[in-house]
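Enquirer: Input file: upload_4.cif. Contents: mmCIF, C-alpha atoms.
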```
data_target
loop_
_atom_site.label_atom_id
_atom_site.label_comp_id
_atom_site.auth_asym_id
_atom_site.auth_seq_id
_atom_site.Cartn_x
_atom_site.Cartn_y
_atom_site.Cartn_z
CA GLN A 1 4.25 12.92 14.45
CA VAL A 2 3.27 11.05 11.30
CA ARG A 3 2.01 7.55 11.87
CA PHE A 4 1.01 4.75 9.48
CA VAL A 5 -0.83 1.67 10.76
CA GLU A 6 -1.21 -1.07 8.15
CA SER A 7 -3.58 -4.02 8.50
CA GLY A 8 -5.40 -6.64 6.46
CA GLY A 9 -2.55 -8.92 5.46
CA GLY A 10 -2.66 -12.68 5.73
CA SER A 11 -2.01 -15.98 4.03
CA VAL A 12 -3.94 -16.88 0.89
CA GLN A 13 -3.64 -19.25 -2.00
CA ALA A 14 -2.78 -18.08 -5.47
CA GLY A 15 -5.79 -16.47 -7.09
CA GLY A 16 -7.14 -15.22 -3.80
CA SER A 17 -7.82 -11.67 -2.67
CA LEU A 18 -6.92 -9.41 0.24
CA ARG A 19 -7.80 -5.83 1.13
CA LEU A 20 -5.16 -3.83 2.94
CA THR A 21 -5.97 -0.79 5.05
CA CYS A 22 -3.67 1.97 6.24
CA ALA A 23 -4.77 4.39 8.93
CA VAL A 24 -2.81 7.62 8.70
CA SER A 25 -2.38 10.36 11.29
CA GLY A 26 -0.15 13.35 11.83
CA LEU A 27 -0.15 14.85 8.35
CA THR A 28 -2.44 16.86 6.11
CA PHE A 29 -3.81 13.76 4.48
CA LYS A 30 -6.06 15.32 1.87
CA PHE A 31 -3.10 17.25 0.45
CA SER A 32 -0.77 14.23 0.31
CA THR A 33 -0.07 11.77 -2.46
CA MET A 34 -0.13 8.35 -0.83
CA GLY A 35 1.48 5.08 -1.80
CA TRP A 36 1.64 1.41 -1.00
CA TYR A 37 5.07 -0.20 -0.98
CA ARG A 38 6.26 -3.76 -0.51
CA GLN A 39 9.43 -5.50 0.49
CA ALA A 40 10.17 -9.18 -0.02
CA PRO A 41 13.01 -10.85 1.90
CA GLY A 42 16.40 -9.87 0.53
CA THR A 43 15.02 -7.17 -1.75
CA GLN A 44 14.57 -3.42 -1.57
CA ARG A 45 11.30 -1.74 -0.70
CA ASP A 46 9.48 -0.79 -3.89
CA LEU A 47 6.49 1.36 -4.73
CA VAL A 48 3.52 -0.74 -5.81
CA ALA A 49 0.77 1.84 -6.25
CA SER A 50 0.15 5.51 -5.62
CA ILE A 51 -2.83 7.83 -5.53
CA SER A 52 -2.64 11.57 -5.90
CA VAL A 53 -4.63 14.28 -4.18
CA SER A 54 -6.97 14.37 -7.18
CA GLY A 55 -7.36 10.60 -7.21
CA THR A 56 -5.04 9.80 -10.09
CA THR A 57 -3.61 6.33 -9.64
CA ASN A 58 -0.42 4.68 -10.83
CA TYR A 59 0.72 1.07 -10.56
CA THR A 60 3.86 -0.87 -11.12
CA ASP A 61 3.50 -3.08 -14.17
CA SER A 62 3.41 -6.35 -12.27
CA VAL A 63 0.19 -5.46 -10.43
CA LYS A 64 -1.72 -3.55 -13.11
CA GLY A 65 -5.21 -4.96 -13.56
CA ARG A 66 -5.01 -6.87 -10.27
CA PHE A 67 -4.50 -4.22 -7.55
CA THR A 68 -6.57 -1.11 -6.88
CA ILE A 69 -5.52 1.73 -4.60
CA SER A 70 -8.11 4.06 -3.12
CA ARG A 71 -8.38 6.62 -0.37
CA ASN A 72 -10.93 8.04 2.06
CA ASN A 73 -9.91 11.58 2.95
CA ALA A 74 -12.55 11.95 5.66
CA ARG A 75 -11.16 8.92 7.47
CA THR A 76 -7.51 9.57 6.48
CA THR A 77 -7.27 5.99 5.25
CA VAL A 78 -5.69 4.37 2.22
CA PHE A 79 -6.73 0.99 0.84
CA LEU A 80 -5.17 -1.56 -1.46
CA GLN A 81 -7.50 -4.14 -2.97
CA MET A 82 -5.45 -7.06 -4.23
CA ASN A 83 -7.07 -9.64 -6.51
CA ASN A 84 -5.71 -12.66 -8.34
CA LEU A 85 -2.77 -12.79 -5.99
CA LYS A 86 0.38 -14.57 -7.09
CA PRO A 87 3.22 -16.12 -5.06
CA GLU A 88 5.50 -13.30 -6.22
CA ASP A 89 3.24 -10.84 -4.38
CA THR A 90 4.48 -12.27 -1.10
CA ALA A 91 6.03 -9.43 0.89
CA VAL A 92 5.55 -7.04 3.77
CA TYR A 93 3.32 -4.20 2.59
CA TYR A 94 3.71 -0.64 3.87
CA CYS A 95 1.97 2.63 3.22
CA ASN A 96 3.59 6.04 3.21
CA ARG A 97 3.45 9.30 1.37
CA GLY A 98 4.57 9.43 -2.25
CA PRO A 99 8.21 8.51 -2.96
CA ASN A 100 9.44 12.13 -2.93
CA ASN A 101 8.04 12.84 0.54
CA LEU A 102 8.61 9.68 2.56
CA GLN A 103 8.06 9.74 6.30
CA SER A 104 9.05 7.22 8.97
CA TRP A 105 7.75 3.77 8.16
CA GLY A 106 5.10 1.83 10.02
CA ARG A 107 5.35 -1.86 10.85
CA GLY A 108 3.71 -3.03 7.67
CA THR A 109 1.46 -6.02 7.15
CA GLN A 110 2.61 -9.42 5.90
CA VAL A 111 1.06 -10.90 2.76
CA THR A 112 1.88 -14.51 1.95
CA VAL A 113 0.61 -16.16 -1.22
CA SER A 114 1.05 -19.90 -1.64
CA SER A 115 0.92 -21.76 -4.94
#
```
Please lay out the structure from this file as structure tokens.

Expert:
Amino acid sequence: QVRFVESGGGSVQAGGSLRLTCAVSGLTFKFSTMGWYRQAPGTQRDLVASISVSGTTNYTDSVKGRFTISRNNARTTVFLQMNNLKPEDTAVYYCNRGPNNLQSWGRGTQVTVSS
């Protein structure tokens, strides 16, 4: 059974930083593209960043230059370093496989950015 456990969220002021961690189990991690997604109240869940098996990264335009996704295959963990946070980054953040291979979702971690 695939499992995603997200952590590291919190409340910060605009301009602050957070580092999210996702512990993954139940899949062949090193062969999986991984992604971070977020969902704000009343909106759909959107892909924020992804990292391929080879380490190629992609970001949605609104976070480019501020967020960095990385992975540790030995520890089957995915990270999201978020810098210069803005109020519009407020959401519940989830990790999962890439958008074409989604599994059941974890509980996510709440990120709240105040102005």

Enquirer: Around all the atoms of region 72-82 of chain A listed in the file, draw an axis-aligned box and extend it by 4 Å on each of the six sides; I want its centre and edge lengths in Å to one decimal, as lines of an AutoDock Vina configuration file.

Expert:
```
center_x = -8.9
center_y = 2.4
center_z = 1.6
size_x = 15.4
size_y = 27.0
size_z = 19.7
```

Enquirer: What's around region 53-55 of chain A at 8 Å? Count all atoms listed in the file, leave out sequence neighbours fewer than 6 positions away in its own chain, and write the answer as a JSON list (two decimals) with C-alpha atoms, in the coordinates of the input.

Expert:
```json
[["chain", "number", "residue", "atom", "x", "y", "z"],
["A", 30, "LYS", "CA", -6.06, 15.32, 1.87],
["A", 31, "PHE", "CA", -3.10, 17.25, 0.45],
["A", 32, "SER", "CA", -0.77, 14.23, 0.31],
["A", 33, "THR", "CA", -0.07, 11.77, -2.46],
["A", 70, "SER", "CA", -8.11, 4.06, -3.12],
["A", 71, "ARG", "CA", -8.38, 6.62, -0.37]]
```

Enquirer: Can you turn the PyMOL selection byres ((chain A and resi 7) around 9) into a concrete residue list for this file, as a PyMOL selection string?

Expert: chain A and resi 5-6+8-9+19-23+108-110

Enquirer: Need to verify the contact set: region 76-86 of chain A, 8 Å, only C-alpha atoms, exclusion of same-chain residues closer than 6 positions in sequence. Can you return it as a list in words?

Expert: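 With the cut-off at 8 Å, the set is Gln13, Ala14, Gly15, Gly16, Ser17, Leu18, Arg19, Leu20, Thr21, Cys22, Ala23, Val24, Ser25, Phe29, Lys30, Met34, Trp36, Arg66, Phe67, Thr68, Ile69, Ser70, Cys95, Val113, Ser114 and Ser115 of chain A.
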
Enquirer: Using all atoms listed in the file, find the one residue out of A:Ala74, A:Val2, A:Val12, A:Leu47 that sits nearest to Pro87 (chain A).

Expert: A:Val12

Enquirer: Let me make sure I understand: among A:Gly26, A:Gly65, A:Gly42, A:Gly106, which one has the smallest atom-to-atom distance to Ala91 (chain A) if we use only C-alpha atoms?

Expert: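 Counting only C-alpha atoms, the residue closest to Ala91 (chain A) is A:Gly42.
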
Enquirer: So how many Å separate CA of Val92 (chain A) and CA of Ala40 (chain A), to one decimal?

Expert: 6.3 Å

Enquirer: Let me know the residues the PyMOL selection byres ((chain A and resi 112) around 6) catches in the file above, as a list in words.

Expert: Ser11, Thr90, Val111 and Val113 of chain A

Enquirer: Kindly resolve the PyMOL selection byres ((chain A and resi 58) around 10) on the present coordinates and return the residues as a PyMOL selection string.

Expert: chain A and resi 35+47-52+55-57+59-61+64+68-69

Enquirer: Give me, please, the distance in Å between CA of Ser104 (chain A) and CA of Asp89 (chain A), quoted to one decimal.

Expert: 23.2 Å

Enquirer: Looking at A:Leu27, A:Thr43, A:Gly10, A:Tyr37, which one is nearest to Gly98 (chain A), with distances taken over all atoms listed in the file?

Expert: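 For Gly98 (chain A), the nearest of the candidates is A:Tyr37.
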
Enquirer: Please determine, counting all atoms listed in the file, which residue among A:Asn72, A:Val63, A:Arg3, A:Arg107 has the shortest atom-to-atom distance to Tyr93 (chain A).

Expert: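 Closest residue, counting all atoms listed in the file: A:Arg107.
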
Enquirer: From the options A:Gln103, A:Asn73, A:Glu88, A:Tyr94, which residue's atoms come nearest to Arg38 (chain A), counting all atoms listed in the file?

Expert: A:Tyr94
